[in-house]
file upload-v5.cif (mmCIF, C-alpha atoms and all ligand atoms)
data_run
loop_
_atom_site.label_atom_id
_atom_site.label_comp_id
_atom_site.auth_asym_id
_atom_site.auth_seq_id
_atom_site.Cartn_x
_atom_site.Cartn_y
_atom_site.Cartn_z
CA ALA B 4 -9.91 -33.65 -4.45
CA ASP B 5 -6.52 -31.92 -4.24
CA THR B 6 -5.33 -33.66 -7.46
CA LEU B 7 -8.48 -32.58 -9.29
CA ALA B 8 -8.05 -29.01 -8.04
CA VAL B 9 -4.40 -28.96 -9.18
CA MET B 10 -5.46 -30.28 -12.63
CA LEU B 11 -8.26 -27.75 -13.02
CA ARG B 12 -5.96 -24.97 -11.95
CA SER B 13 -3.33 -25.87 -14.54
CA ILE B 14 -5.96 -26.07 -17.31
CA ILE B 15 -7.25 -22.59 -16.45
CA LEU B 16 -3.70 -21.23 -16.21
CA ALA B 17 -2.85 -22.74 -19.61
CA ALA B 18 -5.90 -20.93 -21.01
CA ALA B 19 -4.56 -17.75 -19.38
CA ARG B 20 -1.56 -17.99 -21.72
CA SER B 21 -3.54 -18.85 -24.85
CA SER B 22 -4.07 -16.03 -27.32
CA ARG B 23 -6.87 -18.01 -29.02
CA MET B 24 -8.76 -18.22 -25.75
CA GLU B 25 -8.05 -14.56 -25.13
CA LYS B 26 -9.63 -13.56 -28.47
CA LEU B 27 -12.62 -15.74 -27.71
CA VAL B 28 -13.09 -14.26 -24.26
CA ALA B 29 -12.28 -10.67 -25.20
CA THR B 30 -14.77 -10.65 -28.08
CA ALA B 31 -17.48 -12.55 -26.21
CA PRO B 32 -20.19 -10.60 -24.44
CA VAL B 33 -18.48 -11.13 -21.10
CA SER B 34 -20.62 -9.76 -18.38
CA ARG B 35 -18.92 -6.50 -17.38
CA ASN B 36 -19.91 -7.37 -13.82
CA ILE B 37 -17.42 -10.21 -13.63
CA VAL B 38 -14.54 -8.08 -14.87
CA SER B 39 -15.55 -5.09 -12.78
CA ASN B 40 -15.56 -7.26 -9.65
CA TYR B 41 -11.80 -7.52 -9.94
CA VAL B 42 -10.72 -4.54 -12.07
CA ALA B 43 -11.20 -0.84 -11.23
CA GLY B 44 -11.93 0.13 -14.85
CA THR B 45 -10.04 0.83 -18.04
CA ARG B 46 -8.95 4.47 -17.60
CA THR B 47 -6.55 6.35 -15.31
CA GLU B 48 -9.55 8.24 -13.91
CA ASP B 49 -11.16 4.94 -12.89
CA ALA B 50 -8.00 3.97 -11.03
CA LEU B 51 -7.90 7.36 -9.29
CA ARG B 52 -11.57 7.21 -8.30
CA VAL B 53 -11.29 3.74 -6.76
CA THR B 54 -8.03 4.70 -5.03
CA ARG B 55 -9.66 7.79 -3.53
CA GLU B 56 -12.56 5.73 -2.17
CA LEU B 57 -10.26 3.14 -0.61
CA VAL B 58 -7.86 5.70 0.87
CA GLU B 59 -10.75 7.72 2.33
CA GLY B 60 -11.89 4.46 3.92
CA GLY B 61 -8.54 4.07 5.70
CA LEU B 62 -6.95 1.54 3.32
CA LYS B 63 -3.71 1.77 1.39
CA VAL B 64 -3.44 0.97 -2.31
CA THR B 65 -1.01 -0.41 -4.86
CA LEU B 66 -2.05 0.24 -8.46
CA ASP B 67 -1.34 -2.11 -11.34
CA TYR B 68 -1.68 -0.94 -14.93
CA LEU B 69 -2.70 -4.24 -16.53
CA GLY B 70 -0.43 -5.77 -19.14
CA GLU B 71 2.20 -8.49 -19.40
CA ASP B 72 4.47 -10.34 -21.83
CA THR B 73 5.02 -7.34 -24.07
CA PHE B 74 7.12 -7.94 -27.19
CA HIS B 75 7.14 -4.42 -28.65
CA THR B 76 9.26 -1.47 -27.59
CA HIS B 77 6.47 1.04 -28.24
CA GLN B 78 4.10 -0.95 -26.02
CA ALA B 79 6.67 -1.13 -23.20
CA GLU B 80 7.22 2.61 -23.46
CA ALA B 81 3.48 3.25 -23.48
CA THR B 82 3.23 1.26 -20.22
CA ARG B 83 5.98 3.41 -18.71
CA ASP B 84 4.17 6.55 -19.88
CA GLU B 85 0.94 5.43 -18.23
CA TYR B 86 2.73 4.83 -14.91
CA LEU B 87 4.34 8.28 -15.10
CA ARG B 88 0.93 9.86 -15.78
CA LEU B 89 -0.64 7.89 -12.96
CA LEU B 90 2.08 8.80 -10.44
CA ALA B 91 1.82 12.50 -11.28
CA SER B 92 -1.98 12.35 -10.83
CA LEU B 93 -1.72 10.46 -7.54
CA ARG B 94 0.53 13.17 -6.17
CA ALA B 95 -1.63 16.00 -7.54
CA ASP B 96 -4.67 14.41 -5.88
CA GLY B 97 -2.90 14.00 -2.52
CA LEU B 98 -3.11 10.21 -2.72
CA THR B 99 0.58 9.51 -2.02
CA PRO B 100 2.12 7.99 0.00
CA ALA B 101 -1.07 6.00 0.75
CA ALA B 102 -1.01 4.76 -2.84
CA GLU B 103 2.00 3.19 -4.56
CA VAL B 104 2.32 1.24 -7.82
CA SER B 105 2.97 -2.39 -8.77
CA VAL B 106 4.85 -3.06 -11.99
CA LYS B 107 5.42 -6.20 -14.06
CA LEU B 108 8.80 -6.24 -15.79
CA SER B 109 7.36 -8.37 -18.60
CA ALA B 110 5.05 -5.44 -19.42
CA LEU B 111 8.21 -3.35 -19.83
CA GLY B 112 9.70 -5.81 -22.32
CA GLN B 113 11.72 -8.07 -19.96
CA ARG B 114 11.16 -11.06 -22.26
CA PHE B 115 12.86 -9.50 -25.27
CA ASP B 116 15.09 -6.71 -23.91
CA GLU B 117 15.95 -7.12 -20.26
CA GLU B 118 18.13 -4.02 -20.10
CA MET B 119 15.35 -1.88 -21.50
CA SER B 120 12.86 -3.25 -18.95
CA VAL B 121 15.18 -2.30 -16.07
CA ARG B 122 15.76 1.15 -17.57
CA LEU B 123 12.01 1.77 -17.90
CA ALA B 124 11.44 0.46 -14.36
CA GLU B 125 14.09 2.91 -13.16
CA GLU B 126 12.19 5.77 -14.75
CA ILE B 127 9.03 4.64 -12.96
CA CYS B 128 10.93 4.41 -9.64
CA ALA B 129 12.28 7.95 -10.18
CA ALA B 130 8.76 9.25 -10.86
CA ALA B 131 7.47 7.42 -7.77
CA GLU B 132 10.17 9.06 -5.65
CA THR B 133 9.24 12.48 -7.02
CA SER B 134 5.62 11.71 -6.12
CA GLY B 135 6.62 10.64 -2.61
CA THR B 136 5.83 6.98 -2.99
CA THR B 137 7.24 3.58 -3.92
CA VAL B 138 7.16 0.83 -6.54
CA THR B 139 6.76 -2.91 -5.99
CA ILE B 140 7.96 -5.19 -8.76
CA ASP B 141 5.42 -8.00 -9.23
CA MET B 142 6.80 -11.53 -9.57
CA GLU B 143 5.85 -13.60 -12.60
CA ASP B 144 6.61 -17.22 -13.49
CA HIS B 145 9.71 -19.12 -12.36
CA THR B 146 11.58 -18.60 -15.65
CA VAL B 147 12.07 -14.94 -14.66
CA THR B 148 12.60 -15.22 -10.89
CA ASP B 149 16.37 -14.75 -11.05
CA THR B 150 16.35 -11.93 -13.60
CA THR B 151 13.57 -10.16 -11.69
CA LEU B 152 15.38 -10.42 -8.34
CA ASP B 153 18.60 -9.20 -10.02
CA ALA B 154 16.71 -6.24 -11.44
CA ILE B 155 15.33 -5.43 -7.97
CA HIS B 156 18.84 -5.49 -6.47
CA ARG B 157 19.89 -3.00 -9.13
CA LEU B 158 16.85 -0.77 -8.64
CA ARG B 159 17.39 -0.75 -4.89
CA GLU B 160 20.88 0.73 -5.28
CA THR B 161 19.19 4.01 -6.21
CA TYR B 162 15.66 3.42 -4.89
CA PRO B 163 16.02 1.32 -1.72
CA GLY B 164 12.24 1.37 -1.12
CA THR B 165 11.56 -0.76 -4.18
CA GLY B 166 9.47 -3.76 -3.13
CA ALA B 167 10.11 -7.38 -4.10
CA VAL B 168 7.60 -10.22 -4.31
CA LEU B 169 8.39 -13.76 -3.20
CA GLN B 170 6.11 -16.75 -3.86
CA SER B 171 5.75 -19.49 -1.26
CA TYR B 172 4.96 -22.16 -3.88
CA LEU B 173 8.57 -22.05 -5.10
CA ARG B 174 10.92 -24.40 -3.29
CA ARG B 175 13.67 -21.76 -3.31
CA THR B 176 11.63 -19.06 -1.59
CA GLU B 177 12.36 -19.84 2.05
CA ALA B 178 16.04 -19.18 1.34
CA ASP B 179 15.17 -16.03 -0.63
CA CYS B 180 13.12 -14.79 2.36
CA ARG B 181 16.11 -15.11 4.66
CA GLU B 182 18.24 -13.18 2.21
CA PHE B 183 15.61 -10.46 1.78
CA ALA B 184 14.71 -10.07 5.46
CA ALA B 185 17.25 -7.23 5.87
CA LYS B 186 16.66 -3.75 7.18
CA GLY B 187 14.65 -1.48 4.90
CA SER B 188 13.69 -4.32 2.59
CA ARG B 189 10.03 -4.33 1.50
CA VAL B 190 8.93 -7.86 0.63
CA ARG B 191 5.47 -8.98 -0.46
CA LEU B 192 4.90 -12.63 0.36
CA CYS B 193 2.22 -14.41 -1.69
CA LYS B 194 1.48 -18.04 -2.55
CA GLY B 195 2.10 -17.61 -6.29
CA ALA B 196 -0.32 -17.49 -9.20
CA TYR B 197 1.30 -19.29 -12.17
CA ALA B 198 1.37 -22.91 -13.37
CA GLU B 199 4.75 -24.22 -12.23
CA PRO B 200 6.40 -27.65 -12.64
CA GLU B 201 6.92 -29.91 -9.66
CA SER B 202 10.70 -29.61 -10.06
CA VAL B 203 10.61 -26.01 -8.86
CA ALA B 204 7.30 -25.64 -7.03
CA TYR B 205 5.20 -27.33 -4.37
CA GLN B 206 1.94 -28.54 -5.88
CA SER B 207 -0.37 -29.33 -2.99
CA ARG B 208 -2.23 -26.66 -1.07
CA LEU B 209 -0.86 -28.05 2.19
CA ASP B 210 2.80 -27.84 1.09
CA ILE B 211 2.31 -24.32 -0.30
CA ASP B 212 0.65 -23.18 2.94
CA ARG B 213 3.35 -24.75 5.09
CA SER B 214 5.99 -23.03 3.01
CA TYR B 215 4.08 -19.75 3.39
CA VAL B 216 4.29 -20.09 7.18
CA ARG B 217 8.05 -20.80 7.10
CA CYS B 218 8.59 -17.81 4.80
CA LEU B 219 6.36 -15.60 6.95
CA ASN B 220 8.38 -16.60 10.04
CA ALA B 221 11.64 -15.70 8.30
CA LEU B 222 10.32 -12.30 7.21
CA MET B 223 8.63 -11.41 10.52
CA ARG B 224 11.71 -12.49 12.48
CA GLY B 225 13.96 -10.36 10.24
CA ASP B 226 14.50 -6.60 10.04
CA GLY B 227 12.65 -5.85 6.81
CA TYR B 228 9.11 -4.71 6.14
CA PRO B 229 6.92 -7.77 5.41
CA MET B 230 3.85 -7.34 3.22
CA LEU B 231 1.64 -10.37 3.77
CA ALA B 232 -0.40 -10.77 0.59
CA THR B 233 -3.06 -13.40 1.16
CA HIS B 234 -6.81 -13.79 1.61
CA ASP B 235 -6.33 -17.02 3.50
CA PRO B 236 -7.93 -16.56 6.95
CA ARG B 237 -5.56 -19.05 8.61
CA LEU B 238 -2.46 -17.30 7.28
CA VAL B 239 -3.80 -13.88 8.28
CA GLU B 240 -4.27 -15.21 11.83
CA ILE B 241 -0.75 -16.63 11.83
CA GLY B 242 0.55 -13.23 10.62
CA ILE B 243 -1.17 -11.50 13.55
CA ASP B 244 0.18 -14.09 15.96
CA ARG B 245 3.79 -13.77 14.70
CA ALA B 246 3.62 -9.98 14.90
CA LYS B 247 2.93 -10.38 18.63
CA TRP B 248 5.56 -13.07 19.01
CA PHE B 249 8.28 -11.02 17.30
CA ASP B 250 7.13 -7.82 19.01
CA ARG B 251 6.27 -6.00 15.80
CA GLY B 252 3.99 -2.98 15.98
CA PRO B 253 1.16 -2.64 13.43
CA HIS B 254 3.25 -0.16 11.43
CA SER B 255 6.18 -2.50 10.91
CA PHE B 256 4.33 -4.77 8.46
CA GLU B 257 1.15 -4.79 6.40
CA PHE B 258 -1.50 -7.07 4.97
CA GLN B 259 -2.31 -6.95 1.27
CA MET B 260 -5.36 -8.22 -0.59
CA LEU B 261 -6.70 -7.94 -4.11
CA TYR B 262 -9.41 -5.48 -5.11
CA GLY B 263 -12.80 -7.17 -4.88
CA ILE B 264 -11.67 -10.16 -2.83
CA ARG B 265 -12.84 -10.34 0.80
CA PRO B 266 -13.44 -6.57 1.08
CA GLU B 267 -15.18 -7.05 4.44
CA GLU B 268 -12.02 -8.70 5.79
CA GLN B 269 -9.92 -5.81 4.47
CA ARG B 270 -12.18 -3.45 6.45
CA ARG B 271 -12.13 -5.59 9.58
CA LEU B 272 -8.32 -5.71 9.70
CA ALA B 273 -8.03 -1.95 9.06
CA ASP B 274 -10.59 -1.27 11.81
CA GLU B 275 -8.49 -3.37 14.17
CA GLY B 276 -5.56 -1.05 13.51
CA TYR B 277 -3.62 -3.12 10.97
CA GLN B 278 -2.31 -1.59 7.78
CA VAL B 279 -4.11 -3.07 4.79
CA ARG B 280 -3.11 -2.37 1.20
CA VAL B 281 -5.46 -3.22 -1.67
CA TYR B 282 -3.97 -4.21 -5.03
CA VAL B 283 -6.03 -2.37 -7.64
CA PRO B 284 -5.61 -3.34 -11.30
CA TYR B 285 -6.93 -1.17 -14.13
CA GLY B 286 -6.62 -1.03 -17.92
CA ASP B 287 -7.78 -3.00 -20.96
CA GLU B 288 -5.46 -5.98 -20.63
CA TRP B 289 -7.49 -7.74 -17.96
CA TYR B 290 -7.54 -11.22 -19.54
CA GLY B 291 -4.45 -12.85 -17.95
CA TYR B 292 -5.17 -11.26 -14.57
CA LEU B 293 -8.79 -12.40 -14.55
CA MET B 294 -7.89 -15.96 -15.57
CA ARG B 295 -5.41 -16.24 -12.68
CA ARG B 296 -8.19 -15.16 -10.30
CA MET B 297 -10.46 -17.81 -11.84
CA ALA B 298 -7.78 -20.45 -11.29
CA GLU B 299 -7.61 -19.51 -7.60
CA LYS B 300 -11.29 -20.02 -7.13
CA PRO B 301 -12.73 -22.38 -9.75
CA ALA B 302 -16.20 -21.83 -8.23
CA ASN B 303 -16.03 -18.40 -9.90
CA LEU B 304 -15.38 -20.04 -13.25
CA GLY B 305 -18.92 -21.43 -13.62
CA LEU B 306 -20.27 -17.92 -13.19
CA PHE B 307 -17.76 -16.58 -15.68
CA LEU B 308 -18.42 -19.24 -18.33
CA ARG B 309 -22.17 -18.72 -18.06
CA SER B 310 -21.65 -15.00 -18.60
CA LEU B 311 -19.70 -15.76 -21.82
CA GLY B 312 -22.82 -17.16 -23.38
CA ARG B 313 -25.01 -14.24 -22.34
CA LYS B 314 -25.75 -11.31 -24.63
P1 LIG M 401 -6.04 -19.11 -1.45
O1 LIG M 401 -5.80 -20.40 -0.76
O2 LIG M 401 -6.04 -19.08 -2.94
O3 LIG M 401 -7.41 -18.48 -0.96
C1 LIG M 401 -7.79 -18.37 0.40
C2 LIG M 401 -9.22 -17.85 0.47
O4 LIG M 401 -9.30 -16.55 -0.08
C3 LIG M 401 -10.21 -18.64 -0.37
O5 LIG M 401 -10.72 -19.74 0.33
C4 LIG M 401 -11.26 -17.61 -0.68
O6 LIG M 401 -12.09 -17.42 0.43
C5 LIG M 401 -10.46 -16.38 -0.87
N1 LIG M 401 -10.06 -16.20 -2.28
C6 LIG M 401 -8.84 -16.39 -2.81
N2 LIG M 401 -8.81 -16.11 -4.12
C7 LIG M 401 -10.05 -15.73 -4.45
C8 LIG M 401 -10.66 -15.31 -5.66
N3 LIG M 401 -9.96 -15.23 -6.80
N4 LIG M 401 -11.98 -14.98 -5.63
C9 LIG M 401 -12.68 -15.05 -4.48
N5 LIG M 401 -12.15 -15.45 -3.30
C10 LIG M 401 -10.87 -15.78 -3.28
N6 LIG M 401 1.00 -13.74 -7.33
C11 LIG M 401 2.15 -13.79 -8.03
O7 LIG M 401 2.52 -14.84 -8.53
N7 LIG M 401 2.91 -12.66 -8.19
C12 LIG M 401 2.58 -11.48 -7.62
O8 LIG M 401 3.30 -10.49 -7.78
C13 LIG M 401 1.38 -11.41 -6.86
N8 LIG M 401 0.99 -10.27 -6.24
C14 LIG M 401 -0.08 -10.29 -5.41
C15 LIG M 401 -0.43 -9.15 -4.68
C16 LIG M 401 -1.45 -9.19 -3.75
C17 LIG M 401 -1.75 -7.96 -2.95
C18 LIG M 401 -2.18 -10.40 -3.55
C19 LIG M 401 -3.25 -10.48 -2.51
C20 LIG M 401 -1.88 -11.50 -4.28
C21 LIG M 401 -0.86 -11.48 -5.23
N9 LIG M 401 -0.56 -12.59 -5.99
C22 LIG M 401 0.61 -12.59 -6.74
C23 LIG M 401 -1.49 -13.74 -6.07
C24 LIG M 401 -1.16 -14.81 -5.06
O9 LIG M 401 0.03 -15.45 -5.43
C25 LIG M 401 -2.28 -15.86 -4.97
O10 LIG M 401 -2.45 -16.46 -6.20
C26 LIG M 401 -3.63 -15.29 -4.52
O11 LIG M 401 -3.48 -14.29 -3.56
C27 LIG M 401 -4.51 -16.41 -3.94
O12 LIG M 401 -3.89 -16.97 -2.81
P2 LIG M 401 -4.39 -16.74 -1.29
O13 LIG M 401 -3.16 -16.53 -0.48
O14 LIG M 401 -5.35 -15.63 -1.24
O15 LIG M 401 -4.98 -18.11 -0.83
#
call {"tool": "encode", "arguments": {"input": "upload-v5.cif", "output": "structure tokens", "more": "lines below"}}
Ligand code: FAD
result
Amino acid sequence: ADTLAVMLRSIILAAARSSRMEKLVATAPVSRNIVSNYVAGTRTEDALRVTRELVEGGLKVTLDYLGEDTFHTHQAEATRDEYLRLLASLRADGLTPAAEVSVKLSALGQRFDEEMSVRLAEEICAAAETSGTTVTIDMEDHTVTDTTLDAIHRLRETYPGTGAVLQSYLRRTEADCREFAAKGSRVRLCKGAYAEPESVAYQSRLDIDRSYVRCLNALMRGDGYPMLATHDPRLVEIGIDRAKWFDRGPHSFEFQMLYGIRPEEQRRLADEGYQVRVYVPYGDEWYGYLMRRMAEKPANLGLFLRSLGRK
């Protein structure tokens, strides 16, 4: 069953990278319900409305303006502009520091002009600082792990609060966690959402979960600020257990989950006094994001495919 799941996942993730599939899906009468389960909406106002609701309910937020793999300067700059607008509005609405932003370097042109992507990310970090909040740099596939971590080191020289993301499916990540577990370092630990070759990544669920626990131990034992991004009930329990073991108060780490996934669990953890941050994506470019969510839970795919055929 594990082999079948791995195969299905890589097929869906291949489709996530296919522009032909994207056209098909984007022009099909996709039930808005499926998209709106996972995405706050297309406009800045939608992002602000959802953020306000979550923050009023005692949750924290990280906002993602959807987009990735940009190959045009004007598009990268437009993404920067949207983040600047968003950060100004978050501050004006009193939603910082409860809300921060998540940024993908590939949306800022990392794949064709790395220097430009770091420069644009710097501008977003500066705006976040002015708004009294922080930026976390999302992690994408393994071909950009090194350049992304290098960029984060550079950003942290001026903006030490800049968050990094490490993925437990990569074989290298346990070592990265040790390196990143230093004082003041904000690290989001997730399993990883891309199709990766066996040479660099664990393939089976069991190996990925075991690696997650080793990484979690390294981060919770260290002096940084771990951000445990998972919906996996077993890993959440282990996070709670390690916090006790390493004598960490509820404000010295946080849980993170995606908008629309296990919202009742997000509430439960917050009610128990844990910090919970919800990752809220918004914008038009929802295709790649949605397909990665489908790959995580193929049971959702049937629902999605049926909605493609519906008018
Ligand atoms: P899984 O084993 O996938 O799921 C555990 C349980 O959670 C499932 O049994 C199910 O009950 C529930 N669940 C999980 N996914 C879904 C779903 N789509 N729909 C419904 N129920 C579901 N990945 C990156 O590669 N880079 C990033 O920068 C990144 N940032 C992230 C930020 C946050 C806040 C989160 C929560 C995840 C992020 N991810 C990122 C995605 C992550 O890598 C995983 O792909 C994703 O979280 C699924 O793994 P899981 O730990 O939830 O465990």
call {"tool": "residues_around", "arguments": {"input": "upload-v5.cif", "residues": "stretch 218-226 of chain B", "least_positions_apart": "2", "cutoff": "7 Å", "atoms": "only C-alpha atoms", "output": "PyMOL selection string"}}
result
chain B and resi 171+177+180-181+184-186+214-216+228-229+245-246+249
call {"tool": "residues_near_ligand", "arguments": {"input": "upload-v5.cif", "ligand": "ligand LIG 401 (chain M)", "cutoff": "8 Å", "atoms": "only C-alpha atoms and all ligand atoms", "output": "CSV table (one decimal) with C-alpha atoms, in the frame of the given file"}}
result
chain,number,residue,atom,x,y,z
B,65,THR,CA,-1.0,-0.4,-4.9
B,107,LYS,CA,5.4,-6.2,-14.1
B,140,ILE,CA,8.0,-5.2,-8.8
B,141,ASP,CA,5.4,-8.0,-9.2
B,142,MET,CA,6.8,-11.5,-9.6
B,143,GLU,CA,5.8,-13.6,-12.6
B,144,ASP,CA,6.6,-17.2,-13.5
B,168,VAL,CA,7.6,-10.2,-4.3
B,169,LEU,CA,8.4,-13.8,-3.2
B,170,GLN,CA,6.1,-16.8,-3.9
B,191,ARG,CA,5.5,-9.0,-0.5
B,192,LEU,CA,4.9,-12.6,0.4
B,193,CYS,CA,2.2,-14.4,-1.7
B,194,LYS,CA,1.5,-18.0,-2.6
B,195,GLY,CA,2.1,-17.6,-6.3
B,196,ALA,CA,-0.3,-17.5,-9.2
B,197,TYR,CA,1.3,-19.3,-12.2
B,208,ARG,CA,-2.2,-26.7,-1.1
B,212,ASP,CA,0.6,-23.2,2.9
B,231,LEU,CA,1.6,-10.4,3.8
B,232,ALA,CA,-0.4,-10.8,0.6
B,233,THR,CA,-3.1,-13.4,1.2
B,234,HIS,CA,-6.8,-13.8,1.6
B,235,ASP,CA,-6.3,-17.0,3.5
B,236,PRO,CA,-7.9,-16.6,7.0
B,238,LEU,CA,-2.5,-17.3,7.3
B,258,PHE,CA,-1.5,-7.1,5.0
B,259,GLN,CA,-2.3,-7.0,1.3
B,260,MET,CA,-5.4,-8.2,-0.6
B,261,LEU,CA,-6.7,-7.9,-4.1
B,263,GLY,CA,-12.8,-7.2,-4.9
B,264,ILE,CA,-11.7,-10.2,-2.8
B,265,ARG,CA,-12.8,-10.3,0.8
B,280,ARG,CA,-3.1,-2.4,1.2
B,281,VAL,CA,-5.5,-3.2,-1.7
B,282,TYR,CA,-4.0,-4.2,-5.0
B,295,ARG,CA,-5.4,-16.2,-12.7
B,296,ARG,CA,-8.2,-15.2,-10.3
B,297,MET,CA,-10.5,-17.8,-11.8
B,298,ALA,CA,-7.8,-20.4,-11.3
B,299,GLU,CA,-7.6,-19.5,-7.6
B,300,LYS,CA,-11.3,-20.0,-7.1
B,303,ASN,CA,-16.0,-18.4,-9.9
call {"tool": "residues_around", "arguments": {"input": "upload-v5.cif", "residues": "stretch 121-135 of chain B", "least_positions_apart": "2", "cutoff": "8 Å", "atoms": "all atoms listed in the file", "output": "list in words"}}
result
Glu80, Arg83, Tyr86, Leu87, Leu90, Ala91, Leu93, Arg94, Thr99, Pro100, Glu103, Val106, Leu108, Leu111, Gln113, Glu117, Glu118, Met119, Thr137, Val138, Ala154, Leu158, Tyr162 and Thr165 of chain B
call {"tool": "closest_residue", "arguments": {"input": "upload-v5.cif", "among": "B:Ala178, B:Val9, B:Ile243, B:Ala81", "to": "B:Glu201", "atoms": "all atoms listed in the file"}}
result
B:Val9
call {"tool": "atom_distance", "arguments": {"input": "upload-v5.cif", "atom1": "atom CA of B:Ser109", "atom2": "atom CA of B:Asp72"}}
result
4.8 Å
call {"tool": "residues_around", "arguments": {"input": "upload-v5.cif", "residues": "B:Leu11", "least_positions_apart": "3", "cutoff": "12 Å", "atoms": "all atoms listed in the file", "output": "number ranges by chain"}}
result
B: 4-8, 14-18, 198, 295, 297-302, 304
call {"tool": "residues_near_point", "arguments": {"input": "upload-v5.cif", "point": "(13.2, -1.3, 4.5)", "cutoff": "7 Å", "atoms": "all atoms listed in the file", "output": "PyMOL selection string"}}
result
chain B and resi 164+186-189+227-228
call {"tool": "closest_residue", "arguments": {"input": "upload-v5.cif", "among": "B:Ser13, B:Ser22, B:Ser120, B:Asn36", "to": "B:Phe307", "atoms": "only C-alpha atoms"}}
result
B:Asn36
call {"tool": "closest_residue", "arguments": {"input": "upload-v5.cif", "among": "B:Ala102, B:Ala19, B:Leu69, B:Val203", "to": "B:Thr45", "atoms": "all atoms listed in the file"}}
result
B:Leu69
call {"tool": "closest_residue", "arguments": {"input": "upload-v5.cif", "among": "B:Ala110, B:Leu51, B:Ala101, B:Val38", "to": "B:His75", "atoms": "all atoms listed in the file"}}
result
B:Ala110
call {"tool": "atom_distance", "arguments": {"input": "upload-v5.cif", "atom1": "atom CA of B:Ala167", "atom2": "atom CA of B:Val190"}}
result
4.9 Å
call {"tool": "atom_distance", "arguments": {"input": "upload-v5.cif", "atom1": "atom CA of B:Tyr205", "atom2": "atom CA of B:Arg12"}}
result
13.7 Å
